[in-house]
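S.K.: What follows is coords-v4.pdb, PDB, C-alpha atoms and all ligand atoms.
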```pdb
ATOM      1  CA  MET Q1195      14.394  -1.769  10.511
ATOM      2  CA  ILE Q1196      10.818  -2.419   9.406
ATOM      3  CA  LYS Q1197       9.969  -6.108   9.216
ATOM      4  CA  GLN Q1198       6.227  -6.122   8.535
ATOM      5  CA  ALA Q1199       4.038  -4.530   5.865
ATOM      6  CA  ILE Q1200       0.254  -4.330   5.656
ATOM      7  CA  ILE Q1201      -1.565  -4.192   2.310
ATOM      8  CA  PRO Q1202      -5.330  -3.490   2.377
ATOM      9  CA  LEU Q1203      -6.909  -5.438  -0.503
ATOM     10  CA  ALA Q1204     -10.556  -5.665   0.502
ATOM     11  CA  GLY Q1205     -11.723  -2.607  -1.501
ATOM     12  CA  LEU Q1206     -14.427  -3.103  -4.130
ATOM     13  CA  GLY Q1207     -12.531  -1.476  -7.004
ATOM     14  CA  THR Q1208     -15.588   0.398  -8.299
ATOM     15  CA  ARG Q1209     -13.421   2.971 -10.080
ATOM     16  CA  LEU Q1210     -12.205   0.201 -12.380
ATOM     17  CA  LEU Q1211     -15.562  -1.352 -13.286
ATOM     18  CA  PRO Q1212     -16.329  -3.353 -15.377
ATOM     19  CA  LEU Q1213     -12.813  -4.896 -15.070
ATOM     20  CA  THR Q1214     -13.346  -5.520 -11.359
ATOM     21  CA  SER Q1215     -16.868  -6.933 -11.440
ATOM     22  CA  VAL Q1216     -15.578 -10.512 -11.093
ATOM     23  CA  PHE Q1217     -11.809  -9.986 -10.823
ATOM     24  CA  PRO Q1218      -9.806  -8.320  -8.003
ATOM     25  CA  LYS Q1219      -8.142  -5.157  -9.283
ATOM     26  CA  GLU Q1220      -4.835  -6.105  -7.668
ATOM     27  CA  LEU Q1221      -4.553  -9.124  -9.980
ATOM     28  CA  LEU Q1222      -5.166  -7.094 -13.135
ATOM     29  CA  PRO Q1223      -2.060  -7.145 -15.321
ATOM     30  CA  ILE Q1224       0.114  -4.067 -15.599
ATOM     31  CA  ASN Q1225       2.510  -4.561 -18.489
ATOM     32  CA  GLY Q1226       2.094  -8.351 -18.198
ATOM     33  CA  LYS Q1227       2.368  -8.696 -14.410
ATOM     34  CA  PRO Q1228      -0.365  -8.507 -11.728
ATOM     35  CA  GLY Q1229      -0.282  -5.131  -9.978
ATOM     36  CA  ILE Q1230       0.166  -6.741  -6.562
ATOM     37  CA  GLU Q1231       3.489  -8.293  -7.620
ATOM     38  CA  TYR Q1232       5.019  -4.829  -8.074
ATOM     39  CA  ILE Q1233       4.073  -4.055  -4.492
ATOM     40  CA  LEU Q1234       5.472  -7.386  -3.259
ATOM     41  CA  ASP Q1235       8.737  -6.774  -5.110
ATOM     42  CA  GLU Q1236       9.012  -3.320  -3.544
ATOM     43  CA  CYS Q1237       8.553  -4.817  -0.057
ATOM     44  CA  ILE Q1238      10.976  -7.681  -0.585
ATOM     45  CA  GLU Q1239      13.628  -5.360  -2.018
ATOM     46  CA  ALA Q1240      13.155  -3.124   1.030
ATOM     47  CA  ASP Q1241      13.943  -6.198   3.177
ATOM     48  CA  VAL Q1242      10.446  -6.524   4.663
ATOM     49  CA  LYS Q1243      10.076 -10.057   6.052
ATOM     50  CA  GLU Q1244       6.311 -10.449   6.385
ATOM     51  CA  ILE Q1245       3.516  -8.973   4.285
ATOM     52  CA  ILE Q1246      -0.029  -9.035   5.651
ATOM     53  CA  PHE Q1247      -2.786  -9.021   3.020
ATOM     54  CA  ILE Q1248      -6.183  -7.819   4.195
ATOM     55  CA  ILE Q1249      -8.673  -9.446   1.836
ATOM     56  CA  SER Q1250     -12.401 -10.207   1.970
ATOM     57  CA  LYS Q1251     -14.524 -13.240   1.110
ATOM     58  CA  LYS Q1252     -15.292 -11.543  -2.200
ATOM     59  CA  LYS Q1253     -11.592 -11.320  -2.992
ATOM     60  CA  GLU Q1254     -10.465 -14.855  -2.251
ATOM     61  CA  LEU Q1255      -9.111 -15.131  -5.792
ATOM     62  CA  ILE Q1256      -6.106 -13.231  -4.446
ATOM     63  CA  LYS Q1257      -5.386 -16.092  -2.048
ATOM     64  CA  LYS Q1258      -6.027 -18.647  -4.772
ATOM     65  CA  TYR Q1259      -3.440 -16.892  -6.974
ATOM     66  CA  PHE Q1260      -0.763 -17.739  -4.415
ATOM     67  CA  TYR Q1261      -2.080 -21.241  -3.587
ATOM     68  CA  ASN Q1262      -2.772 -22.759  -7.032
ATOM     69  CA  ASP Q1263      -0.204 -25.574  -6.632
ATOM     70  CA  ASN Q1264      -2.148 -28.429  -8.215
ATOM     71  CA  PHE Q1265      -2.635 -26.440 -11.383
ATOM     72  CA  TYR Q1266       1.050 -25.521 -11.671
ATOM     73  CA  LEU Q1267       2.356 -28.954 -10.724
ATOM     74  CA  LYS Q1268       0.174 -30.707 -13.289
ATOM     75  CA  ILE Q1269       1.266 -28.372 -16.086
ATOM     76  CA  ILE Q1270       4.930 -28.489 -15.112
ATOM     77  CA  LYS Q1271       4.788 -32.315 -15.105
ATOM     78  CA  GLN Q1272       3.294 -32.336 -18.611
ATOM     79  CA  LYS Q1273       5.354 -29.582 -20.198
ATOM     80  CA  LYS Q1274       8.556 -29.033 -18.185
ATOM     81  CA  ASP Q1275       8.446 -25.426 -19.460
ATOM     82  CA  LYS Q1276      11.226 -23.364 -17.891
ATOM     83  CA  ARG Q1277       9.238 -20.127 -17.889
ATOM     84  CA  ILE Q1278       6.318 -21.749 -16.067
ATOM     85  CA  ILE Q1279       8.667 -23.393 -13.544
ATOM     86  CA  ASN Q1280      10.205 -19.990 -12.808
ATOM     87  CA  GLU Q1281       6.806 -18.327 -12.445
ATOM     88  CA  TYR Q1282       5.753 -21.047  -9.996
ATOM     89  CA  LYS Q1283       8.967 -20.644  -8.001
ATOM     90  CA  LYS Q1284       8.343 -16.914  -7.820
ATOM     91  CA  ILE Q1285       4.815 -17.487  -6.495
ATOM     92  CA  LEU Q1286       6.214 -19.859  -3.839
ATOM     93  CA  LYS Q1287       8.788 -17.231  -2.848
ATOM     94  CA  TYR Q1288       6.061 -14.612  -2.421
ATOM     95  CA  ARG Q1289       3.800 -17.006  -0.550
ATOM     96  CA  LYS Q1290       6.390 -17.686   2.159
ATOM     97  CA  LYS Q1291       6.134 -14.028   3.166
ATOM     98  CA  ILE Q1292       2.364 -13.480   2.935
ATOM     99  CA  LYS Q1293      -0.237 -13.800   5.704
ATOM    100  CA  PHE Q1294      -3.962 -13.352   4.995
ATOM    101  CA  ILE Q1295      -6.488 -11.661   7.208
ATOM    102  CA  TYR Q1296     -10.107 -10.707   6.477
ATOM    103  CA  GLN Q1297     -12.101  -7.481   6.407
ATOM    104  CA  ASN Q1298     -15.493  -8.566   5.097
ATOM    105  CA  ILE Q1299     -17.277  -5.234   5.506
ATOM    106  CA  PRO Q1300     -15.500  -2.343   3.738
ATOM    107  CA  LEU Q1301     -15.417   0.190   6.579
ATOM    108  CA  GLY Q1302     -12.328   2.066   5.414
ATOM    109  CA  THR Q1303      -8.532   1.834   5.469
ATOM    110  CA  GLY Q1304      -8.334   2.549   9.195
ATOM    111  CA  ASP Q1305     -10.634  -0.374   9.918
ATOM    112  CA  ALA Q1306      -8.591  -2.631   7.595
ATOM    113  CA  VAL Q1307      -5.381  -1.690   9.422
ATOM    114  CA  LEU Q1308      -7.010  -2.342  12.798
ATOM    115  CA  LYS Q1309      -7.770  -5.932  11.734
ATOM    116  CA  THR Q1310      -4.016  -6.652  11.760
ATOM    117  CA  SER Q1311      -3.391  -5.394  15.299
ATOM    118  CA  ARG Q1312      -2.639  -8.753  16.906
ATOM    119  CA  LEU Q1313      -0.179  -9.680  14.154
ATOM    120  CA  ILE Q1314       2.069  -6.619  14.404
ATOM    121  CA  LYS Q1315       5.179  -7.365  16.459
ATOM    122  CA  ASP Q1316       7.460  -4.320  16.328
ATOM    123  CA  LYS Q1317       6.939  -0.675  17.292
ATOM    124  CA  HIS Q1318       6.542   0.404  13.648
ATOM    125  CA  PHE Q1319       5.198  -1.169  10.481
ATOM    126  CA  LEU Q1320       4.812  -0.257   6.815
ATOM    127  CA  LEU Q1321       1.404   0.336   5.204
ATOM    128  CA  ILE Q1322       1.141   0.318   1.403
ATOM    129  CA  LEU Q1323      -2.006   1.160  -0.565
ATOM    130  CA  PRO Q1324      -1.862  -1.069  -3.635
ATOM    131  CA  ASP Q1325      -3.485   1.437  -6.044
ATOM    132  CA  ASP Q1326      -0.390   3.590  -5.726
ATOM    133  CA  LEU Q1327       2.551   2.277  -7.709
ATOM    134  CA  ILE Q1328       5.835   4.126  -7.497
ATOM    135  CA  ILE Q1329       8.416   3.159 -10.090
ATOM    136  CA  LYS Q1330      12.077   4.007 -10.785
ATOM    137  CA  LYS Q1331      13.007   4.290  -7.085
ATOM    138  CA  ASN Q1332      11.975   2.038  -4.194
ATOM    139  CA  CYS Q1333       9.914   4.437  -2.087
ATOM    140  CA  SER Q1334       9.453   2.004   0.831
ATOM    141  CA  LYS Q1335      13.197   1.435   1.063
ATOM    142  CA  GLU Q1336      13.871   5.180   1.168
ATOM    143  CA  MET Q1337      11.188   5.675   3.821
ATOM    144  CA  ILE Q1338      12.666   2.920   5.990
ATOM    145  CA  LYS Q1339      16.027   4.721   5.863
ATOM    146  CA  ILE Q1340      14.381   7.989   6.947
ATOM    147  CA  HIS Q1341      12.542   6.206   9.737
ATOM    148  CA  SER Q1342      15.790   4.700  11.050
ATOM    149  CA  LYS Q1343      17.632   7.997  10.858
ATOM    150  CA  PHE Q1344      15.032  10.193  12.584
ATOM    151  CA  ASN Q1345      13.196   7.555  14.641
ATOM    152  CA  SER Q1346       9.968   9.025  13.316
ATOM    153  CA  SER Q1347       6.828   7.918  11.496
ATOM    154  CA  VAL Q1348       6.949   8.700   7.780
ATOM    155  CA  MET Q1349       4.460   9.300   4.950
ATOM    156  CA  ALA Q1350       5.079   9.596   1.223
ATOM    157  CA  SER Q1351       4.179  12.981  -0.232
ATOM    158  CA  MET Q1352       3.636  14.483  -3.656
ATOM    159  CA  ASN Q1353       2.590  17.937  -4.889
ATOM    160  CA  VAL Q1354      -0.817  17.927  -6.580
ATOM    161  CA  LYS Q1355      -2.766  20.628  -8.412
ATOM    162  CA  LYS Q1356      -4.802  22.869  -6.121
ATOM    163  CA  LYS Q1357      -8.012  21.838  -7.902
ATOM    164  CA  ASP Q1358      -7.287  18.136  -7.083
ATOM    165  CA  VAL Q1359      -6.755  18.403  -3.315
ATOM    166  CA  THR Q1360     -10.274  17.022  -2.674
ATOM    167  CA  ARG Q1361      -9.094  13.588  -3.890
ATOM    168  CA  TRP Q1362      -6.301  13.166  -1.297
ATOM    169  CA  GLY Q1363      -5.153  13.378   2.279
ATOM    170  CA  ILE Q1364      -3.419  16.796   2.465
ATOM    171  CA  PHE Q1365      -0.542  17.870   4.777
ATOM    172  CA  SER Q1366       0.444  21.091   6.363
ATOM    173  CA  LEU Q1367       4.189  21.056   6.901
ATOM    174  CA  SER Q1368       6.263  22.398   9.764
ATOM    175  CA  LYS Q1369      10.052  22.347  10.057
ATOM    176  CA  LYS Q1370      12.066  21.507   6.952
ATOM    177  CA  ILE Q1371      14.693  18.811   7.503
ATOM    178  CA  ASN Q1372      16.167  18.841   3.987
ATOM    179  CA  THR Q1373      14.910  19.218   0.405
ATOM    180  CA  SER Q1374      12.896  15.984   0.490
ATOM    181  CA  THR Q1375      11.806  15.752   4.145
ATOM    182  CA  HIS Q1376       9.659  17.948   6.416
ATOM    183  CA  TYR Q1377       7.980  17.434   9.751
ATOM    184  CA  ILE Q1378       4.181  17.484   9.543
ATOM    185  CA  ASN Q1379       1.871  19.777  11.496
ATOM    186  CA  ASN Q1380      -1.483  18.432  10.352
ATOM    187  CA  VAL Q1381      -3.067  16.074   7.899
ATOM    188  CA  ILE Q1382      -6.642  16.271   6.682
ATOM    189  CA  GLU Q1383      -8.576  13.725   4.623
ATOM    190  CA  LYS Q1384      -9.932  14.982   1.285
ATOM    191  CA  PRO Q1385     -10.414  18.642   2.235
ATOM    192  CA  SER Q1386     -12.334  21.145   0.135
ATOM    193  CA  ILE Q1387     -10.149  23.493  -1.939
ATOM    194  CA  LYS Q1388     -10.845  26.176   0.655
ATOM    195  CA  GLU Q1389      -9.978  23.981   3.657
ATOM    196  CA  ALA Q1390      -6.783  22.508   2.143
ATOM    197  CA  PRO Q1391      -3.705  23.678   4.103
ATOM    198  CA  SER Q1392      -1.376  23.036   1.104
ATOM    199  CA  ASN Q1393      -1.154  21.124  -2.162
ATOM    200  CA  LYS Q1394       1.003  18.353  -0.656
ATOM    201  CA  ALA Q1395      -0.842  15.032  -0.887
ATOM    202  CA  VAL Q1396      -0.401  11.792   1.032
ATOM    203  CA  ILE Q1397       0.527   8.958  -1.319
ATOM    204  CA  GLY Q1398      -0.065   5.364  -0.226
ATOM    205  CA  ARG Q1399       3.137   4.597   1.710
ATOM    206  CA  TYR Q1400       3.187   5.017   5.478
ATOM    207  CA  ILE Q1401       5.499   3.951   8.300
ATOM    208  CA  LEU Q1402       3.204   3.958  11.303
ATOM    209  CA  PRO Q1403       3.645   3.323  15.021
ATOM    210  CA  LYS Q1404       1.906   0.399  16.685
ATOM    211  CA  LYS Q1405       0.275   2.983  18.963
ATOM    212  CA  ILE Q1406      -2.117   3.773  16.136
ATOM    213  CA  PHE Q1407      -4.170   0.671  16.978
ATOM    214  CA  SER Q1408      -5.397   2.063  20.288
ATOM    215  CA  ILE Q1409      -6.537   5.216  18.457
ATOM    216  CA  LEU Q1410      -8.255   3.245  15.705
ATOM    217  CA  ARG Q1411     -10.104   1.136  18.274
ATOM    218  CA  ASN Q1412     -11.911   4.223  19.574
ATOM    219  CA  GLN Q1413     -12.229   6.133  16.315
ATOM    220  CA  LYS Q1414     -15.615   7.124  14.935
ATOM    221  CA  ALA Q1415     -16.341   7.030  11.200
ATOM    222  CA  GLY Q1416     -15.244  10.168   9.333
ATOM    223  CA  ARG Q1417     -15.842  11.502   5.826
ATOM    224  CA  GLY Q1418     -18.097   9.189   3.767
ATOM    225  CA  GLY Q1419     -18.863   7.043   6.856
ATOM    226  CA  GLU Q1420     -15.455   5.352   6.736
ATOM    227  CA  ILE Q1421     -12.714   4.910   9.338
ATOM    228  CA  HIS Q1422      -9.806   6.788   7.775
ATOM    229  CA  ILE Q1423      -6.161   6.129   8.568
ATOM    230  CA  THR Q1424      -5.590   9.874   8.005
ATOM    231  CA  ASP Q1425      -7.841  10.773  10.962
ATOM    232  CA  ALA Q1426      -5.924   8.396  13.251
ATOM    233  CA  ILE Q1427      -2.625   9.916  12.069
ATOM    234  CA  GLN Q1428      -3.919  13.429  12.819
ATOM    235  CA  LYS Q1429      -4.779  12.267  16.351
ATOM    236  CA  LEU Q1430      -1.257  10.844  16.773
ATOM    237  CA  ILE Q1431       0.231  14.176  15.642
ATOM    238  CA  GLU Q1432      -1.952  15.966  18.214
ATOM    239  CA  ASN Q1433      -0.544  13.522  20.799
ATOM    240  CA  LYS Q1434       2.986  14.725  19.834
ATOM    241  CA  GLU Q1435       3.981  11.770  17.656
ATOM    242  CA  LYS Q1436       6.636  12.897  15.149
ATOM    243  CA  PHE Q1437       5.652  12.455  11.487
ATOM    244  CA  ILE Q1438       7.828  13.199   8.475
ATOM    245  CA  ALA Q1439       6.521  13.858   4.947
ATOM    246  CA  TYR Q1440       8.902  12.423   2.372
ATOM    247  CA  SER Q1441       8.741  13.880  -1.164
ATOM    248  CA  PHE Q1442       9.700  10.748  -3.036
ATOM    249  CA  THR Q1443      11.757  10.871  -6.212
ATOM    250  CA  GLY Q1444      10.256   7.898  -8.082
ATOM    251  CA  LYS Q1445       7.398   8.205 -10.573
ATOM    252  CA  TYR Q1446       3.873   7.859  -9.227
ATOM    253  CA  LEU Q1447       1.295   5.773 -11.119
ATOM    254  CA  ASP Q1448      -2.336   5.902  -9.990
ATOM    255  CA  CYS Q1449      -3.629   2.415 -10.780
ATOM    256  CA  GLY Q1450      -6.966   2.913  -9.022
ATOM    257  CA  THR Q1451      -8.612   4.846 -11.868
ATOM    258  CA  MET Q1452      -9.207   3.654 -15.424
ATOM    259  CA  ASN Q1453      -7.025   6.286 -17.097
ATOM    260  CA  GLY Q1454      -4.276   5.821 -14.531
ATOM    261  CA  TYR Q1455      -4.463   2.046 -14.872
ATOM    262  CA  ILE Q1456      -4.131   2.182 -18.660
ATOM    263  CA  ASN Q1457      -1.290   4.681 -18.433
ATOM    264  CA  SER Q1458       0.632   2.577 -15.881
ATOM    265  CA  SER Q1459       1.266  -0.223 -18.406
ATOM    266  CA  LYS Q1460       2.570   2.333 -20.895
ATOM    267  CA  GLU Q1461       4.914   3.884 -18.332
ATOM    268  CA  ILE Q1462       6.247   0.544 -17.108
ATOM    269  CA  SER Q1463       6.824  -0.700 -20.646
ATOM    270  CA  LYS Q1464       9.197   2.260 -21.169
ATOM    271  CA  LEU Q1465      11.467   1.198 -18.263
TER     272      LEU Q1465
HETATM  273  C1  LIG P1501      -6.395   7.032   0.401
HETATM  274  C2  LIG P1501      -6.166   7.916   1.622
HETATM  275  C3  LIG P1501      -5.757   9.315   1.188
HETATM  276  C4  LIG P1501      -4.508   9.235   0.320
HETATM  277  C5  LIG P1501      -4.763   8.294  -0.856
HETATM  278  C6  LIG P1501      -3.474   8.031  -1.617
HETATM  279  O1  LIG P1501      -7.501   7.503  -0.317
HETATM  280  O2  LIG P1501      -7.356   7.940   2.386
HETATM  281  O3  LIG P1501      -5.472  10.094   2.329
HETATM  282  O4  LIG P1501      -4.155  10.511  -0.134
HETATM  283  O5  LIG P1501      -5.244   7.014  -0.418
HETATM  284  O6  LIG P1501      -3.729   7.234  -2.731
HETATM  285  P1  LIG P1501      -8.311   6.568  -1.370
HETATM  286  O7  LIG P1501      -7.444   6.417  -2.578
HETATM  287  O8  LIG P1501      -8.555   5.269  -0.690
HETATM  288  O9  LIG P1501      -9.585   7.319  -1.680
END
```
Let me see whether you can do it: turn the structure in this file into structure tokens.
Ligand code: G1P
M.R.:
Amino acid sequence: MIKQAIIPLAGLGTRLLPLTSVFPKELLPINGKPGIEYILDECIEADVKEIIFIISKKKELIKKYFYNDNFYLKIIKQKKDKRIINEYKKILKYRKKIKFIYQNIPLGTGDAVLKTSRLIKDKHFLLILPDDLIIKKNCSKEMIKIHSKFNSSVMASMNVKKKDVTRWGIFSLSKKINTSTHYINNVIEKPSIKEAPSNKAVIGRYILPKKIFSILRNQKAGRGGEIHITDAIQKLIENKEKFIAYSFTGKYLDCGTMNGYINSSKEISKL
């Protein structure tokens, strides 16, 4: 069982400018609901008990969103509107599960994950990148099942076009377990088309071992001067940690780019 999830939220959201110049991208509405709530619902449905948000001073609006009690209470007192009461209750339900931690300098996903090291209790935890929505099937829940069955770390995987491999972490696979799961040989962050070992991309869902913290502590910056989680995972694989790539069956929505963000509302409205 996986009880804790980490969500890095300190990114600047430059791919969504101007929408993100004053507003955190994770609070932008997707079909009438802030993007982050889809991620929270996925975690809660997967029976995750604690969700650690890594924010920054520039993104304190995210915290405010979950701690705006005076505003809600005043309105509820005046209007007694059922919808607003339910929305407030939902926020309180989320809040019980969320812890906040800060990454004020954006040094990469690996660095964000490292900031949570003293909060992680069990041997494994879930990492979700909030730009990546997966609808129609709870990907985290499926990954937790795979983790329990094979006692292995797990990453979500999707086939991408060969020309797009430079945008993703890319796997090379080893032994096939079944149609949707393979063991992983290697993973490389944003390779050139020539370097790419396959067209299987890492999508933002990971079940990682606590051991990764000791690797991250000593890791030097990689591509683009950032500390990448992918590089730490590659090191773990070299140290004989078992990793499974899971080809998820849900539909992937890339909310981190403008086109993807616009499209995600359309897709969700069809559900
Ligand atoms: C990150 C990871 C990359 C992964 C991608 C999935 O990249 O570094 O390995 O494939 O998320 O969305 P980013 O989107 O932060 O550039």
S.K.: How big is the axis-aligned box around all listed atoms of ligand LIG 1501 (chain P) once 3 Å goes on each side, and where's its centre, in Å to one decimal, as AutoDock Vina command-line options?
M.R.:
```
--center_x -6.5 --center_y 7.9 --center_z -0.2 --size_x 12.1 --size_y 11.2 --size_z 11.1
```
S.K.: Return as a PyMOL selection string the set of residues that the PyMOL selection byres (((chain Q and resi 1411) around 10) and not hetatm) yields on the displayed structure.
M.R.: chain Q and resi 1304-1305+1308-1309+1311+1406-1410+1412-1414+1426
S.K.: So the first atom is CA of Met1195 (chain Q) and the second is CA of His1341 (chain Q); what is the distance between them in Å, to one decimal place?
M.R.: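 The value is 8.2 Å.
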S.K.: With the file shown as input, list the residues that the PyMOL selection byres (((chain Q and resi 1442-1445) around 8) and not hetatm) selects, as a count of residues only.
M.R.: 14
S.K.: Dig up all the protein and nucleic acid residues within 10 Å of (10.0, 0.6, 0.6) in the file frame, using all atoms listed in the file, and format them as a PyMOL selection string.
M.R.: chain Q and resi 1196+1199+1233-1242+1320-1322+1328+1331-1339+1399-1401
S.K.: Which residue, Q:Ala1306, Q:Ile1224, Q:Ile1270, Q:Ile1340, has the smallest gap to Ser1458 (chain Q) when you use all atoms listed in the file?
M.R.: Q:Ile1224
S.K.: Taking only C-alpha atoms and all ligand atoms into account, report as a ChimeraX atom specification which residues have an atom no farther than 7 Å from an atom of ligand LIG 1501 (chain P).
M.R.: /Q:1303,1323,1325-1326,1361-1364,1383-1384,1395-1398,1422-1424
S.K.: Could you list as an MDAnalysis selection string every residue that has an atom within 10 Å of (-12.4, -1.9, -9.4), using the file's coordinates and counting all atoms listed in the file?
M.R.: chainID Q and resid 1205:1220 1222 1449:1452
S.K.: Please dump the current selection as a PDB file, keeping the file's coordinate frame; keep C-alpha atoms.
M.R.:
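Done, and the output landed in result.pdb:
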```pdb
ATOM      1  CA  GLY Q1205     -11.723  -2.607  -1.501  1.00  0.00           C
ATOM      2  CA  LEU Q1206     -14.427  -3.103  -4.130  1.00  0.00           C
ATOM      3  CA  GLY Q1207     -12.531  -1.476  -7.004  1.00  0.00           C
ATOM      4  CA  THR Q1208     -15.588   0.398  -8.299  1.00  0.00           C
ATOM      5  CA  ARG Q1209     -13.421   2.971 -10.080  1.00  0.00           C
ATOM      6  CA  LEU Q1210     -12.205   0.201 -12.380  1.00  0.00           C
ATOM      7  CA  LEU Q1211     -15.562  -1.352 -13.286  1.00  0.00           C
ATOM      8  CA  PRO Q1212     -16.329  -3.353 -15.377  1.00  0.00           C
ATOM      9  CA  LEU Q1213     -12.813  -4.896 -15.070  1.00  0.00           C
ATOM     10  CA  THR Q1214     -13.346  -5.520 -11.359  1.00  0.00           C
ATOM     11  CA  SER Q1215     -16.868  -6.933 -11.440  1.00  0.00           C
ATOM     12  CA  VAL Q1216     -15.578 -10.512 -11.093  1.00  0.00           C
ATOM     13  CA  PHE Q1217     -11.809  -9.986 -10.823  1.00  0.00           C
ATOM     14  CA  PRO Q1218      -9.806  -8.320  -8.003  1.00  0.00           C
ATOM     15  CA  LYS Q1219      -8.142  -5.157  -9.283  1.00  0.00           C
ATOM     16  CA  GLU Q1220      -4.835  -6.105  -7.668  1.00  0.00           C
ATOM     17  CA  LEU Q1222      -5.166  -7.094 -13.135  1.00  0.00           C
ATOM     18  CA  CYS Q1449      -3.629   2.415 -10.780  1.00  0.00           C
ATOM     19  CA  GLY Q1450      -6.966   2.913  -9.022  1.00  0.00           C
ATOM     20  CA  THR Q1451      -8.612   4.846 -11.868  1.00  0.00           C
ATOM     21  CA  MET Q1452      -9.207   3.654 -15.424  1.00  0.00           C
TER      22      MET Q1452
END
```
S.K.: Tell me which of Q:Thr1310, Q:Asn1457, Q:Ser1366, Q:Asn1353 sits closest to Ile1200 (chain Q), counting all atoms listed in the file.
M.R.: Q:Thr1310
S.K.: When the PyMOL selection byres (((chain Q and resi 1391) around 8) and not hetatm) is applied to the file above, which residues end up in the set, as a PyMOL selection string?
M.R.: chain Q and resi 1364-1366+1389-1390+1392-1393
S.K.: Calculated over only C-alpha atoms, which of the candidates Q:Lys1197, Q:Lys1434, Q:Lys1394, Q:Lys1271 has the smallest distance to Val1354 (chain Q)?
M.R.: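 For Val1354 (chain Q), the nearest of the candidates is Q:Lys1394.
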S.K.: What separation in Å, quoted to one decimal, exists between CA of Glu1432 (chain Q) and CA of Met1349 (chain Q)?
M.R.: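 Rounded to one decimal, the two atoms are 16.2 Å apart.
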S.K.: For CA of Glu1281 (chain Q) and CA of Leu1313 (chain Q), determine how far apart the two atoms are, in Å to one decimal place.
M.R.: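 Answer for the CA of Glu1281 (chain Q) to CA of Leu1313 (chain Q) separation: 28.8 Å.
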S.K.: Measuring between all atoms listed in the file, which one of Q:Val1359, Q:Leu1301, Q:Ile1295, Q:Ile1230 shows the shortest distance to Lys1388 (chain Q)?
M.R.: Q:Val1359
